[in-house]
>>> print(open('work.txt').read())   # compact mmCIF, C-alpha atoms
# COMPACT_ATOMS: atom_id res chain seq x y z
CA MET A 115 -19.97 -8.69 -22.71
CA PRO A 116 -16.82 -6.54 -22.76
CA ASP A 117 -15.86 -4.69 -19.57
CA LEU A 118 -16.90 -1.07 -20.09
CA SER A 119 -15.35 0.30 -16.89
CA PRO A 120 -12.57 2.86 -17.50
CA PRO A 121 -8.99 1.60 -17.23
CA ILE A 122 -7.03 1.99 -14.00
CA ARG A 123 -4.86 5.11 -14.37
CA VAL A 124 -1.21 4.51 -13.50
CA ALA A 125 1.62 7.01 -12.94
CA LEU A 126 5.26 5.89 -13.19
CA VAL A 127 8.00 7.55 -11.15
CA ASP A 128 11.60 6.37 -11.69
CA ASP A 129 14.81 8.21 -12.47
CA GLN A 130 15.76 5.61 -15.09
CA GLN A 131 14.11 6.23 -18.44
CA LEU A 132 14.65 2.60 -19.48
CA VAL A 133 12.79 1.30 -16.42
CA ARG A 134 9.87 3.67 -17.05
CA SER A 135 9.72 2.66 -20.74
CA GLY A 136 9.66 -1.05 -19.87
CA PHE A 137 6.94 -0.63 -17.25
CA SER A 138 4.96 1.65 -19.55
CA MET A 139 4.95 -0.88 -22.42
CA LEU A 140 3.91 -3.66 -20.05
CA ILE A 141 1.11 -1.68 -18.39
CA ASN A 142 -0.28 -0.24 -21.62
CA SER A 143 -0.44 -3.76 -23.10
CA GLN A 144 -3.29 -4.49 -20.65
CA PRO A 145 -6.84 -3.47 -21.63
CA ASP A 146 -7.75 -2.50 -18.05
CA LEU A 147 -4.62 -0.41 -17.33
CA GLU A 148 -3.31 2.87 -18.75
CA VAL A 149 -0.19 4.96 -18.02
CA VAL A 150 -1.35 8.57 -17.62
CA ALA A 151 1.82 10.24 -16.27
CA GLU A 152 5.56 9.67 -15.94
CA ALA A 153 8.16 11.44 -13.80
CA GLY A 154 11.91 11.14 -13.29
CA ASN A 155 12.09 12.28 -9.66
CA GLY A 156 9.96 13.18 -6.65
CA ILE A 157 9.53 16.85 -7.54
CA GLU A 158 8.30 15.98 -11.04
CA ALA A 159 6.01 13.35 -9.52
CA VAL A 160 4.33 15.84 -7.19
CA GLN A 161 3.86 18.27 -10.11
CA ALA A 162 2.55 15.52 -12.42
CA LEU A 163 0.02 14.32 -9.84
CA ASN A 164 -1.15 17.90 -9.40
CA ALA A 165 -1.89 18.12 -13.11
CA THR A 166 -3.15 14.58 -13.80
CA ALA A 167 -5.38 12.30 -11.74
CA ALA A 168 -4.00 8.78 -11.25
CA ASP A 169 -5.41 5.81 -9.34
CA VAL A 170 -2.11 4.04 -8.61
CA VAL A 171 1.45 5.41 -8.57
CA LEU A 172 4.47 3.13 -9.00
CA MET A 173 7.14 5.05 -7.08
CA ASP A 174 10.88 4.35 -7.09
CA VAL A 175 12.10 4.84 -3.52
CA ARG A 176 15.69 5.95 -4.21
CA MET A 177 15.93 8.98 -6.48
CA PRO A 178 18.15 12.08 -6.52
CA GLY A 179 16.65 15.31 -5.18
CA MET A 180 13.28 14.45 -3.65
CA ASP A 181 13.19 10.70 -2.98
CA GLY A 182 10.18 8.42 -3.12
CA ILE A 183 9.48 8.70 0.62
CA GLU A 184 9.09 12.48 0.57
CA ALA A 185 7.18 12.36 -2.72
CA THR A 186 4.80 9.76 -1.27
CA ARG A 187 4.18 11.96 1.77
CA LYS A 188 3.52 15.07 -0.33
CA ILE A 189 1.25 13.36 -2.86
CA LEU A 190 -0.87 11.79 -0.11
CA GLU A 191 -1.01 15.09 1.81
CA GLN A 192 -2.37 16.72 -1.36
CA ALA A 193 -4.86 13.87 -1.82
CA ALA A 194 -6.10 14.33 1.76
CA THR A 195 -7.06 17.95 1.02
CA GLN A 196 -9.25 16.97 -1.95
CA PRO A 197 -13.04 16.88 -1.53
CA GLU A 198 -14.53 13.41 -1.02
CA GLY A 199 -15.23 11.75 -4.36
CA SER A 200 -12.59 13.81 -6.15
CA GLN A 201 -10.56 11.88 -8.73
CA ARG A 202 -7.38 12.83 -6.87
CA ALA A 203 -8.56 11.89 -3.36
CA GLY A 204 -8.12 8.13 -3.67
CA VAL A 205 -4.64 7.87 -5.19
CA LYS A 206 -2.61 4.92 -3.88
CA ILE A 207 1.15 4.45 -4.03
CA VAL A 208 3.19 1.29 -4.53
CA VAL A 209 6.88 1.71 -3.77
CA LEU A 210 9.44 0.01 -6.01
CA THR A 211 12.68 -1.20 -4.51
CA THR A 212 15.59 -3.42 -5.56
CA PHE A 213 15.79 -5.53 -2.41
CA ASP A 214 13.18 -6.65 0.06
CA LEU A 215 14.89 -5.76 3.34
CA ASP A 216 14.93 -2.08 2.42
CA GLU A 217 14.30 0.30 5.30
CA TYR A 218 13.51 2.97 2.71
CA ALA A 219 10.50 0.83 1.77
CA LEU A 220 9.38 0.75 5.40
CA ALA A 221 9.74 4.53 5.64
CA ALA A 222 7.60 4.90 2.52
CA ILE A 223 4.94 2.57 3.94
CA ARG A 224 4.88 4.61 7.13
CA ALA A 225 4.52 7.72 4.95
CA GLY A 226 1.33 6.17 3.54
CA ALA A 227 2.33 3.91 0.64
CA SER A 228 -0.01 0.96 0.12
CA GLY A 229 2.80 -1.56 -0.12
CA PHE A 230 5.97 -2.23 -2.01
CA LEU A 231 7.18 -4.39 -4.85
CA LEU A 232 10.57 -5.57 -5.99
CA LYS A 233 11.64 -4.08 -9.32
CA ASP A 234 12.57 -7.53 -10.61
CA ALA A 235 9.16 -9.01 -9.76
CA PRO A 236 7.64 -11.06 -12.60
CA PRO A 237 5.47 -8.96 -14.98
CA GLU A 238 2.25 -10.67 -13.89
CA GLU A 239 3.04 -9.86 -10.24
CA LEU A 240 3.55 -6.18 -11.07
CA LEU A 241 0.26 -6.04 -12.99
CA GLU A 242 -1.65 -7.88 -10.26
CA ALA A 243 -0.16 -5.56 -7.62
CA ILE A 244 -1.60 -2.53 -9.45
CA ARG A 245 -5.03 -4.15 -9.62
CA THR A 246 -4.91 -5.34 -5.99
CA VAL A 247 -3.95 -1.93 -4.61
CA TYR A 248 -6.62 -0.28 -6.75
CA ARG A 249 -9.29 -2.65 -5.34
CA GLY A 250 -7.93 -2.17 -1.83
CA ASP A 251 -8.93 -5.64 -0.66
CA ALA A 252 -5.55 -7.18 0.18
CA VAL A 253 -1.98 -6.41 1.10
CA ILE A 254 0.29 -6.87 -1.89
CA ALA A 255 3.13 -9.39 -1.77
CA PRO A 256 2.39 -10.50 1.81
CA SER A 257 5.57 -12.64 1.95
CA THR A 258 7.78 -9.74 0.89
CA THR A 259 6.04 -7.30 3.22
CA ARG A 260 6.30 -9.85 6.03
CA ARG A 261 10.07 -10.28 5.51
CA LEU A 262 10.56 -6.51 5.65
CA LEU A 263 8.44 -6.08 8.77
CA ASP A 264 10.07 -9.05 10.51
CA HIS A 265 13.45 -7.49 9.74
CA VAL A 266 12.56 -4.10 11.21
CA ALA A 267 10.21 -5.33 13.98
CA PRO A 268 12.53 -4.11 16.79
CA LEU A 269 12.33 -0.58 15.33
CA LEU A 270 8.54 -0.78 15.14
CA ARG A 271 8.25 -1.89 18.77
CA MET A 272 10.19 1.10 20.13
CA GLN A 273 7.94 3.10 22.46
CA THR A 274 6.77 6.32 20.82
CA PRO A 275 3.69 8.51 21.38
CA GLU A 276 2.31 7.19 18.08
CA GLN A 277 2.83 3.58 19.15
CA SER A 278 1.05 4.23 22.47
CA GLU A 279 -1.84 5.84 20.58
CA HIS A 280 -2.09 2.80 18.29
CA ALA A 281 -2.05 0.42 21.27
CA ALA A 282 -4.96 2.33 22.84
CA ALA A 283 -6.86 2.22 19.53
CA VAL A 284 -6.35 -1.56 19.23
CA GLU A 285 -7.79 -1.97 22.75
CA ARG A 286 -10.98 -0.24 21.54
CA LEU A 287 -11.65 -2.88 18.87
CA THR A 288 -14.53 -5.27 19.51
CA ALA A 289 -13.76 -9.00 19.80
CA ARG A 290 -14.86 -9.61 16.20
CA GLU A 291 -12.94 -6.61 14.91
CA ARG A 292 -9.88 -7.92 16.74
CA GLU A 293 -10.23 -11.26 14.91
CA VAL A 294 -10.49 -9.50 11.54
CA PHE A 295 -7.60 -7.19 12.46
CA THR A 296 -5.36 -10.18 13.24
CA LEU A 297 -6.23 -11.92 9.94
CA ILE A 298 -5.56 -8.72 7.95
CA ALA A 299 -2.20 -8.52 9.72
CA GLN A 300 -1.46 -12.04 8.47
CA GLY A 301 -1.98 -10.84 4.88
CA LYS A 302 -5.41 -12.41 4.37
CA SER A 303 -7.79 -10.97 1.77
CA ASN A 304 -11.48 -10.26 2.44
CA PRO A 305 -12.66 -13.54 0.81
CA GLU A 306 -10.13 -15.53 2.90
CA ILE A 307 -11.24 -13.76 6.11
CA ALA A 308 -14.90 -14.36 5.24
CA ALA A 309 -14.25 -18.09 4.73
CA GLU A 310 -12.22 -18.44 7.95
CA LEU A 311 -14.76 -16.61 10.15
CA PHE A 312 -17.90 -17.90 8.34
CA LEU A 313 -19.00 -14.35 7.47
CA SER A 314 -20.18 -12.74 4.27
CA GLU A 315 -17.67 -10.63 2.35
CA ALA A 316 -19.96 -7.62 2.85
CA THR A 317 -19.78 -8.10 6.64
CA VAL A 318 -15.99 -8.40 6.51
CA LYS A 319 -15.83 -5.21 4.45
CA THR A 320 -17.90 -3.42 7.12
CA HIS A 321 -15.57 -4.66 9.87
CA VAL A 322 -12.51 -3.55 7.86
CA GLY A 323 -14.04 -0.08 7.49
CA HIS A 324 -14.61 0.16 11.26
CA ILE A 325 -11.05 -1.03 11.99
CA LEU A 326 -9.52 1.51 9.59
CA ALA A 327 -11.57 4.29 11.22
CA LYS A 328 -10.75 3.26 14.81
CA LEU A 329 -7.02 2.91 14.09
CA GLY A 330 -6.83 6.05 11.96
CA ALA A 331 -5.23 3.86 9.25
CA ARG A 332 -5.24 4.78 5.58
CA ASP A 333 -5.30 1.22 4.27
CA ARG A 334 -4.58 -2.42 5.05
CA VAL A 335 -0.80 -2.04 4.94
CA GLN A 336 -1.05 0.56 7.70
CA ILE A 337 -3.09 -1.99 9.67
CA VAL A 338 -0.27 -4.53 9.28
CA VAL A 339 2.33 -2.02 10.49
CA ILE A 340 0.16 -1.19 13.54
CA ALA A 341 -0.20 -4.93 14.26
CA TYR A 342 3.60 -5.23 14.39
CA GLU A 343 3.95 -2.05 16.47
CA THR A 344 1.50 -3.27 19.07
CA GLY A 345 2.73 -6.89 19.23
CA VAL A 346 -0.45 -8.42 17.77
CA VAL A 347 1.84 -9.96 15.14
CA SER A 348 5.37 -11.01 16.04
CA PRO A 349 8.31 -11.75 13.72
CA GLY A 350 8.17 -15.19 12.18
CA LEU A 351 4.47 -15.76 12.80
>>> encode(input="work.txt", output="structure tokens")
Amino acid sequence: MPDLSPPIRVALVDDQQLVRSGFSMLINSQPDLEVVAEAGNGIEAVQALNATAADVVLMDVRMPGMDGIEATRKILEQAATQPEGSQRAGVKIVVLTTFDLDEYALAAIRAGASGFLLKDAPPEELLEAIRTVYRGDAVIAPSTTRRLLDHVAPLLRMQTPEQSEHAAAVERLTAREREVFTLIAQGKSNPEIAAELFLSEATVKTHVGHILAKLGARDRVQIVVIAYETGVVSPGL
């Protein structure tokens, strides 16, 4: 039977028309994906996402005027004001960058992006990243994310009020939640965590929900950042 679920709605934000056109052709070639909006800078992106609901935004991080970090922050602030269940409430953002040790990418992740992807990633990796972020069950490109976080780990470990708050929240996790938290921080997906801890995927999903709530984290990438901040994960592990 054909899949009757609606396609995943994708918005493209990049100041290079050629890049947007290439991504658009690739994404629209997939039956389960559809480009619903395009923008050439952060200001246009915020306006476009006000007018059109998207599930996943591919966001260039370096753009003139409003960059991808500020646009990410504004779009997610708008999403947070939407009523639960609204088409605009669940939008997720994937940041696009040209090199993997990009502190702009880290800033965007801390602003709420669900991960980042290199612009020269293979087409299948880009498409799978959109689907993965939409499902919300894994951190995209764990190796790339890990390299970035290892690179900036000293910055993450600097004592700030937010870091202290996160450390206190981690202390409040149960022993089982702590195990799941550590495996998420290692880039494991729900099925991998379920297999490692001999749990059902439904149970893992419940634990992940509790961890997100206790840590005040938007998604799994935020969990990974908190794990680095609090020393649960150290560079190179």
>>> atom_distance(input="work.txt", atom1="CA of Gly301 in chain A", atom2="CA of Ala125 in chain A")
25.5 Å
>>> closest_residue(input="work.txt", among="A:Val209, A:Val284, A:Ala151, A:Ala227", to="Arg334 in chain A", atoms="only C-alpha atoms")
A:Ala227
>>> closest_residue(input="work.txt", among="A:Arg176, A:Arg292, A:Val149, A:Ser228", to="Arg249 in chain A", atoms="all atoms listed in the file")
A:Ser228
>>> closest_residue(input="work.txt", among="A:Ile157, A:Val133, A:Ile141, A:Ala341", to="Gln277 in chain A", atoms="only C-alpha atoms")
A:Ala341
>>> closest_residue(input="work.txt", among="A:His280, A:Lys302, A:His321, A:Arg260", to="Ser348 in chain A", atoms="all atoms listed in the file")
A:Arg260
>>> atom_distance(input="work.txt", atom1="CA of Asn304 in chain A", atom2="CA of Phe230 in chain A")
19.7 Å
>>> closest_residue(input="work.txt", among="A:Ile122, A:Met173, A:Val294, A:Ala267", to="Leu231 in chain A", atoms="all atoms listed in the file")
A:Met173
>>> closest_atom_pairs(input="work.txt", of="range 268-322 of chain A", to="range 336-339 of chain A", cutoff="10 Å", atoms="all atoms listed in the file", output="JSON lines")
{"residue": "A:Leu270", "atom": "CA", "partner": "A:Val339", "partner_atom": "CA", "distance": 7.9}
{"residue": "A:His280", "atom": "CA", "partner": "A:Ile337", "partner_atom": "CA", "distance": 9.9}
{"residue": "A:Phe295", "atom": "CA", "partner": "A:Ile337", "partner_atom": "CA", "distance": 7.4}
{"residue": "A:Thr296", "atom": "CA", "partner": "A:Val338", "partner_atom": "CA", "distance": 8.6}
{"residue": "A:Leu297", "atom": "CA", "partner": "A:Val338", "partner_atom": "CA", "distance": 9.5}
{"residue": "A:Ile298", "atom": "CA", "partner": "A:Val338", "partner_atom": "CA", "distance": 6.9}
{"residue": "A:Ala299", "atom": "CA", "partner": "A:Val338", "partner_atom": "CA", "distance": 4.5}
{"residue": "A:Gln300", "atom": "CA", "partner": "A:Val338", "partner_atom": "CA", "distance": 7.6}
{"residue": "A:Gly301", "atom": "CA", "partner": "A:Val338", "partner_atom": "CA", "distance": 7.9}
{"residue": "A:Val322", "atom": "CA", "partner": "A:Ile337", "partner_atom": "CA", "distance": 9.7}
>>> write_last_selection(input="work.txt", atoms="C-alpha atoms", output="CSV table (one decimal), keeping the file's coordinate frame")
chain,number,residue,atom,x,y,z
A,270,LEU,CA,8.5,-0.8,15.1
A,280,HIS,CA,-2.1,2.8,18.3
A,295,PHE,CA,-7.6,-7.2,12.5
A,296,THR,CA,-5.4,-10.2,13.2
A,297,LEU,CA,-6.2,-11.9,9.9
A,298,ILE,CA,-5.6,-8.7,8.0
A,299,ALA,CA,-2.2,-8.5,9.7
A,300,GLN,CA,-1.5,-12.0,8.5
A,301,GLY,CA,-2.0,-10.8,4.9
A,322,VAL,CA,-12.5,-3.6,7.9
>>> residues_around(input="work.txt", residues="Ala203 in chain A", least_positions_apart="5", cutoff="8 Å", atoms="all atoms listed in the file", output="PDB file with C-alpha atoms, in the frame of the given file")
ATOM      1  CA  ALA A 193      -4.860  13.870  -1.820  1.00  0.00           C
ATOM      2  CA  ALA A 194      -6.100  14.330   1.760  1.00  0.00           C
ATOM      3  CA  THR A 195      -7.060  17.950   1.020  1.00  0.00           C
ATOM      4  CA  GLN A 196      -9.250  16.970  -1.950  1.00  0.00           C
ATOM      5  CA  PRO A 197     -13.040  16.880  -1.530  1.00  0.00           C
ATOM      6  CA  GLU A 198     -14.530  13.410  -1.020  1.00  0.00           C
TER       7      GLU A 198
END
>>> atom_distance(input="work.txt", atom1="CA of Leu313 in chain A", atom2="CA of Thr288 in chain A")
15.7 Å
>>> closest_residue(input="work.txt", among="A:Leu311, A:Leu190, A:Ile325, A:Met177", to="Leu163 in chain A", atoms="all atoms listed in the file")
A:Leu190
>>> residues_around(input="work.txt", residues="Gly226 in chain A", least_positions_apart="5", cutoff="12 Å", atoms="only C-alpha atoms", output="ChimeraX atom specification")
/A:182-191,193-194,205-209,219-221,330-337,339
>>> decode(input="work.txt", residues="range 332-346 of chain A", atoms="all heavy atoms", output="tab-separated table (two decimals), in the first residue's frame")
chain	number	residue	atom	x	y	z
A	332	ARG	N	14.99	21.30	24.54
A	332	ARG	CA	14.03	21.27	23.44
A	332	ARG	C	14.08	19.94	22.69
A	332	ARG	O	13.07	19.42	22.25
A	332	ARG	CB	14.32	22.43	22.47
A	332	ARG	CG	13.41	22.51	21.27
A	332	ARG	CD	13.77	23.66	20.35
A	332	ARG	NE	13.06	23.56	19.09
A	332	ARG	CZ	11.81	23.97	18.91
A	332	ARG	NH1	11.15	24.50	19.90
A	332	ARG	NH2	11.23	23.84	17.74
A	333	ASP	N	15.27	19.40	22.52
A	333	ASP	CA	15.42	18.15	21.77
A	333	ASP	C	16.70	17.44	22.17
A	333	ASP	O	17.41	17.86	23.09
A	333	ASP	CB	15.36	18.40	20.25
A	333	ASP	CG	16.47	19.32	19.79
A	333	ASP	OD1	17.48	19.45	20.52
A	333	ASP	OD2	16.34	19.93	18.71
A	334	ARG	N	17.02	16.38	21.45
A	334	ARG	CA	18.16	15.54	21.81
A	334	ARG	C	19.50	16.26	21.67
A	334	ARG	O	20.44	15.98	22.40
A	334	ARG	CB	18.15	14.28	20.95
A	334	ARG	CG	16.92	13.42	21.18
A	334	ARG	CD	16.87	12.32	20.15
A	334	ARG	NE	17.66	11.18	20.54
A	334	ARG	CZ	17.16	10.07	21.11
A	334	ARG	NH1	15.87	9.99	21.38
A	334	ARG	NH2	17.93	9.07	21.42
A	335	VAL	N	19.59	17.15	20.70
A	335	VAL	CA	20.86	17.88	20.53
A	335	VAL	C	21.13	18.74	21.75
A	335	VAL	O	22.27	18.83	22.22
A	335	VAL	CB	20.85	18.73	19.24
A	335	VAL	CG1	22.10	19.58	19.15
A	335	VAL	CG2	20.78	17.82	18.03
A	336	GLN	N	20.08	19.35	22.30
A	336	GLN	CA	20.24	20.13	23.53
A	336	GLN	C	20.72	19.23	24.68
A	336	GLN	O	21.52	19.64	25.52
A	336	GLN	CB	18.91	20.79	23.91
A	336	GLN	CG	18.29	21.66	22.82
A	336	GLN	CD	19.06	22.94	22.59
A	336	GLN	OE1	19.27	23.70	23.51
A	336	GLN	NE2	19.49	23.16	21.36
A	337	ILE	N	20.23	17.99	24.70
A	337	ILE	CA	20.67	17.03	25.71
A	337	ILE	C	22.17	16.79	25.57
A	337	ILE	O	22.91	16.75	26.56
A	337	ILE	CB	19.89	15.70	25.59
A	337	ILE	CG1	18.44	15.88	26.06
A	337	ILE	CG2	20.56	14.59	26.40
A	337	ILE	CD1	17.57	14.65	25.90
A	338	VAL	N	22.64	16.62	24.34
A	338	VAL	CA	24.07	16.38	24.11
A	338	VAL	C	24.90	17.56	24.59
A	338	VAL	O	25.93	17.39	25.25
A	338	VAL	CB	24.35	16.10	22.61
A	338	VAL	CG1	25.85	15.95	22.37
A	338	VAL	CG2	23.62	14.84	22.16
A	339	VAL	N	24.46	18.78	24.28
A	339	VAL	CA	25.18	19.98	24.72
A	339	VAL	C	25.25	20.02	26.25
A	339	VAL	O	26.31	20.30	26.83
A	339	VAL	CB	24.52	21.26	24.16
A	339	VAL	CG1	25.15	22.51	24.78
A	339	VAL	CG2	24.67	21.31	22.64
A	340	ILE	N	24.13	19.72	26.91
A	340	ILE	CA	24.10	19.72	28.38
A	340	ILE	C	25.05	18.65	28.94
A	340	ILE	O	25.73	18.86	29.95
A	340	ILE	CB	22.65	19.53	28.90
A	340	ILE	CG1	21.83	20.79	28.59
A	340	ILE	CG2	22.64	19.24	30.40
A	340	ILE	CD1	20.33	20.63	28.82
A	341	ALA	N	25.13	17.50	28.26
A	341	ALA	CA	26.04	16.44	28.70
A	341	ALA	C	27.49	16.92	28.65
A	341	ALA	O	28.29	16.60	29.54
A	341	ALA	CB	25.86	15.20	27.83
A	342	TYR	N	27.84	17.68	27.63
A	342	TYR	CA	29.19	18.24	27.55
A	342	TYR	C	29.40	19.31	28.62
A	342	TYR	O	30.44	19.36	29.27
A	342	TYR	CB	29.44	18.84	26.16
A	342	TYR	CG	30.01	17.86	25.16
A	342	TYR	CD1	29.18	16.95	24.52
A	342	TYR	CD2	31.37	17.85	24.86
A	342	TYR	CE1	29.70	16.05	23.61
A	342	TYR	CE2	31.89	16.94	23.95
A	342	TYR	CZ	31.06	16.05	23.32
A	342	TYR	OH	31.57	15.16	22.43
A	343	GLU	N	28.39	20.17	28.79
A	343	GLU	CA	28.51	21.25	29.78
A	343	GLU	C	28.76	20.71	31.19
A	343	GLU	O	29.51	21.29	31.96
A	343	GLU	CB	27.20	22.07	29.82
A	343	GLU	CG	27.03	23.04	28.68
A	343	GLU	CD	25.71	23.81	28.83
A	343	GLU	OE1	24.89	23.47	29.70
A	343	GLU	OE2	25.52	24.75	28.07
A	344	THR	N	28.10	19.60	31.51
A	344	THR	CA	28.13	19.09	32.87
A	344	THR	C	29.17	18.01	33.07
A	344	THR	O	29.26	17.41	34.15
A	344	THR	CB	26.73	18.56	33.26
A	344	THR	OG1	26.32	17.59	32.29
A	344	THR	CG2	25.70	19.67	33.32
A	345	GLY	N	29.96	17.70	32.01
A	345	GLY	CA	31.04	16.73	32.15
A	345	GLY	C	30.60	15.30	32.09
A	345	GLY	O	31.41	14.38	32.34
A	346	VAL	N	29.33	15.01	31.77
A	346	VAL	CA	28.87	13.63	31.62
A	346	VAL	C	29.57	13.00	30.42
A	346	VAL	O	29.92	11.82	30.41
A	346	VAL	CB	27.34	13.57	31.47
A	346	VAL	CG1	26.87	12.18	31.09
A	346	VAL	CG2	26.67	14.03	32.76
